[in-house]
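Engineer: Sharing a structure here in structure tokens format.
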There are 2 protein chains.
Amino acid sequence: MRVMILGGDGYLGWPTAVYFSKKGHEVAIIDNFAKRQWEMENGITPLISIQTLHKRIKAWESVSEKKIKTYIADLSNDRLVYKHFEEFLPEVIIHYGEQPSAPYSMMGIHHAVYTQINNIQGTLNVLFAMNRCIPQAHLIKLGTMGEYGTPDIDIEEGFIEIEHKGRKDVIPFPKQPGSFYHLSKVHDSHNIMFACRNWGLRSTDLNQGIVYGIDTDETEMYPDLNTSFHYDEIFGTALNRFCVQAVAGIPLTVYGKGNQKRSFLNIRDTIQCVELAALNHPKEGEYRVFNQFTEVFSINGLAEQVKQAGKKLGLNIKIGHHENPRIELEEHYFNPVHTKLTELGLKPHKLSDVLIDQMLQKIMANKHLINTETIQPRIRWKQR
Amino acid sequence: MRVMILGGDGYLGWPTAVYFSKKGHEVAIIDNFAKRQWEMENGITPLISIQTLHKRIKAWESVSEKKIKTYIADLSNDRLVYKHFEEFLPEVIIHYGEQPSAPYSMMGIHHAVYTQINNIQGTLNVLFAMNRCIPQAHLIKLGTMGEYGTPDIDIEEGFIEIEHKGRKDVIPFPKQPGSFYHLSKVHDSHNIMFACRNWGLRSTDLNQGIVYGIDTDETEMYPDLNTSFHYDEIFGTALNRFCVQAVAGIPLTVYGKGNQKRSFLNIRDTIQCVELAALNHPKEGEYRVFNQFTEVFSINGLAEQVKQAGKKLGLNIKIGHHENPRIELEEHYFNPVHTKLTELGLKPHKLSDVLIDQMLQKIMANKHLINTETIQPRIRWKQR
């Protein structure tokens with residue numbers, strides 16, 4: 001397959017690119033290095049520094065003897081999107097090319113507006129370019145479980161059958177996102193659903209849980225192939241942050257009561273899920289939604305698991321309790337359905353002490369690189 | 001009350017401004033004349049030409065002895081939004097300041113992207129400026145019944161109680177909008193709902209039906225006060241278009257089977273509804289939704305009413321059947337609830353022969369102004 005990865009320089013995009021390349025697919029990356037710019041703005045870096053995309057691709061070529069094509073383009077430049085789609089003619093587009101941080105989007109008006117415009121415009125350009133150049137292609141779009149919020153009923157996969165006043169219909173599951181970033185993903189989902197219905201495009205919208213992990217089989221093949229692992233407030237995700245805090249001797253930053261429940265998955269499973277979506281493509285005009293995660297934990301539960309795993313490695317980990325900088329329910333029902341990817345064959349890498357062990361050990365080996373100044377939460381949801 | 005009207009130069013904004021002014025409120029308008037620019041682009045004009053905003057306001061001053069303040073600003077300029085909010089300190093903001101046409105948004109990629117960015121960014125700026133400068137103010141936001149699409153169950157007013165797998169919750173009514181314009185309104189609604197929950201702002205989101213009518217009591221007071229009445233494919237709404245077609249001797253442009261059902265209201269009722277919302281403001285943090293319309297008709301039913309009303313005036317009106325340029329269900333269930341505004345005291349001006357008569361007569365008096373070249377539909381939803 002010809003697979004084009006939008007945002008292929010990122011935490012998930014890069015491991016996806018090398019994975020598909022190793023499997024023998026023809027792979028191209030589009031990226032504009034915006035993530036590296038956002039890091040620069042905020043004075044943050046991945047724990048282990050990553051190479052430029054050009055060097056990573058060179059390294060991949062020498063390790064694997066496979067080529068990955070690169071297009072340097074901002075998705076908000078519609079001319080370039082059309083041009084690169086026309087040239088590469090992807091059969092599958094895997095779209096990670098968005099501003100992916102909730103705290104970043106909550107830094108103030110310009111970050112909120114930027115996040116929404118950047119994400120919406122990029123995705124609209126992708127949809128229009130697909131309609132024009134590659135209407136049979138399959139768009140795999142990364143969304144988030146955070147689009148749903150925490151309703152008091154079970155969360156279905158994108159659609160729900162509602163019986164109301166004696167009538168029935170299957171309609172989109174209502175969304176109650178909790179940040180301007182999460183909102184941008186909801187907006188995208190509505191736009192994509194419309195494009196499928198209106199133009200007959202095909203898309204899989206992956207509502208992904210919180211990803212953790214440092215490596216995949218491919219990124220481990222050579223040091224220059226590692227991916228961008230963040231532990232700061234802005235781009236660090238929950239478990240990744242906790243593991244770095246554990247090694248740095250900083251009390252784990254649990255927000256509020258810590259009974260918030262969230263869905264999680266290993267970075268290796270992100271790639272497995274995306275592959276399953278790519279291999280089982282939707283019908284013409286079909287817009288389908290998969291809830292992409294393997295386990296649910298409370299934040300307290302997650303912190304406790306890190307603490308226990310650390311104990312075995314001789315780490316004395318404290319759990320801190322921070323005033324919650326976010327506006328979110330700290331006690332709530334949470335039972336999202338996630339059967340569609342399992343039915344397609346997903347074999348989860350579940351979180352166990354072994355996995356946390358491995359993460360902690362890799363971080364311990366790089367402990368000297370931790371910048372403890374970027375760890376405490378400072379961005380607040382309520383700005384007045 | 002201090003009432004600020006965003007988009008106060010428009011079809012609904014202007015009559016709203018003079019209405020609130022006459023009632024003794026302190027009124028200010030923000031506009032950037034974007035609508036006049038879109039008209040220019042497309043070579044279309046209102047049936048009866050309207051004065052510049054400056055002249056309209058002068059005319060209003062001499063007729064009513066009341067002043068209306070004007071701020072010329074694009075809502076996508078956040079500095080100006082902050083500045084004008086800080087200066088005028090509105091208690092109520094009535095937000096019509098968006099690109100309001102579905103066909104305009106479907107003209108191509110640039111019109112789609114423009115519509116979404118313009119509408120989303122303007123509304124985000126309004127929300128941030130409210131949060132900073134006037135957190136107690138009440139935002140009355142114009143949305144559309146088209147946000148809901150045509151589900152096979154009754155449409156509730158913004159929220160629906162869902163019983164699912166033995167649990168219950170009241171959650172936002174799912175949206176299935178039918179154009180990039182309608183999508184932009186759905187995106188706005190999600191953003192506003194979040195701002196109310198997150199910052200404690202107050203807002204009423206008005207999901208409005210299709211508006212018809214030429215005059216209000218205030219615009220009739222003096223010729224220079226009339227509002228922008230469109231009959232072209234882009235800004236003309238269904239009944240307004242049919243009435244002009246009837247007078248011009250053009251078969252009424254019914255799309256497809258014509259069994260599409262839509263909700264309608266008189267322009268006088270738009271203003272009545274907005275006033276009812278303004279006089280009954282929501283609690284801190286409350287986001288409420290009113291379905292704002294008075295009657296439901298099928299497009300065929302509407303065409304038939306125009307035909308019958310015309311017959312009495314000696315017009316021989318033909319009903320045409322066009323291949324539908326839109327993608328929409330032409331046979332569907334449609335039963336939207338609309339009790340909240342009635343409970344607040346709405347007294348509808350229902351559509352009757354008398355009202356259609358008046359419209360037809362006013363148009364007949366201006367028949368020489370009709371540009372028949374702008375009437376036929378050319379913008380197609382399916383662009384491939």
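Identifiers for the structure tokens are assigned positionally: chains receive A, B, ... in sequence, residues are indexed from 1 per chain, and ligands are indexed from 1 in the order shown.
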Neighbouring residues of Arg2 (chain B) were defined as those with any atom within 7 Å, considering only C-alpha atoms; residues of the same chain fewer than 3 positions away were excluded. Please report them as a list in words.
Structural biologist: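 Result of the neighbour search: His25, Glu26, Val27, Pro90, Glu91 and Val92 of chain B.
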Engineer: Would you list, as a PyMOL selection string, the residues of region 76-278 of chain B that end up in helix (DSSP H, G or I) under DSSP run on this structure's backbone?
Structural biologist: chain B and resi 78-88+102-105+109-133+145-147+180-199+219-221+223-225+238-248+267-278
Engineer: Find, counting only C-alpha atoms, the residue in B:Lys69, B:Arg132, B:His164, B:His187 that gets nearest to Trp199 (chain B).
Structural biologist: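 Smallest separation from Trp199 (chain B) among the options: B:Arg132.
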Engineer: Taking only C-alpha atoms into account, find every residue of chain B that has an atom no more than 6 Å from chain A, and write it out as a VMD selection string.
Structural biologist: chain B and resid 152 to 153 167 169 172 174 187 199 382
Engineer: Would you pick out the contacts of Asn42 (chain B) at 12 Å or less, using only C-alpha atoms, so that residues sharing its chain but fewer than 6 positions from it are not included, and give the list as a count of residues only?
Structural biologist: 12
Engineer: Do a neighbour search on Glu330 (chain A) at 6 Å with only C-alpha atoms, toss out local chain neighbours closer than 5 positions, and write the hits as a count of residues only.
Structural biologist: 3
Engineer: Extract, using only C-alpha atoms, all DNA, RNA and protein residues at most 9 Å from Leu89 (chain B), discarding same-chain residues fewer than 3 positions from it, and format them as a list in words.
Structural biologist: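 Once the adjacent positions are removed, what remains is Arg2, Val3, Met4, His84, Phe85, Glu86, Cys133, Ile134 and Ala137 of chain B.
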Engineer: Can those selected residues be exported to a file as a compact mmCIF listing (two decimals), in the first residue's frame so that it contains N, CA and C atoms?
Structural biologist:
```
# COMPACT_ATOMS: atom_id res chain seq x y z
N ARG B 2 -27.46 47.73 28.19
CA ARG B 2 -26.50 48.01 27.12
C ARG B 2 -26.43 46.76 26.25
N VAL B 3 -26.86 46.93 24.99
CA VAL B 3 -26.97 45.80 24.07
C VAL B 3 -26.02 46.00 22.89
N MET B 4 -25.14 45.04 22.68
CA MET B 4 -24.19 45.15 21.57
C MET B 4 -24.57 44.12 20.51
N HIS B 84 -13.45 47.16 22.26
CA HIS B 84 -14.81 47.65 22.15
C HIS B 84 -15.69 47.10 23.27
N PHE B 85 -15.45 45.89 23.70
CA PHE B 85 -16.19 45.35 24.85
C PHE B 85 -15.86 46.18 26.10
N GLU B 86 -14.58 46.47 26.27
CA GLU B 86 -14.17 47.25 27.45
C GLU B 86 -14.78 48.64 27.45
N CYS B 133 -13.34 40.75 30.08
CA CYS B 133 -13.84 42.11 30.36
C CYS B 133 -15.24 42.15 30.95
N ILE B 134 -16.10 41.22 30.56
CA ILE B 134 -17.50 41.31 30.97
C ILE B 134 -18.04 39.91 31.27
N ALA B 137 -21.81 39.21 31.45
CA ALA B 137 -22.68 39.52 30.31
C ALA B 137 -23.33 38.25 29.75
```
Engineer: Give me every strand (DSSP E or B) residue in region 294-373 of chain B, going by DSSP on the backbone, as a VMD selection string.
Structural biologist: chain B and resid 295 to 298 319 to 322 336
Engineer: Nearest residue to Ile267 (chain A) out of A:Ile30, A:Val296, A:Leu6, A:Val211, using only C-alpha atoms?
Structural biologist: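 Smallest distance to Ile267 (chain A) is found for A:Val211.
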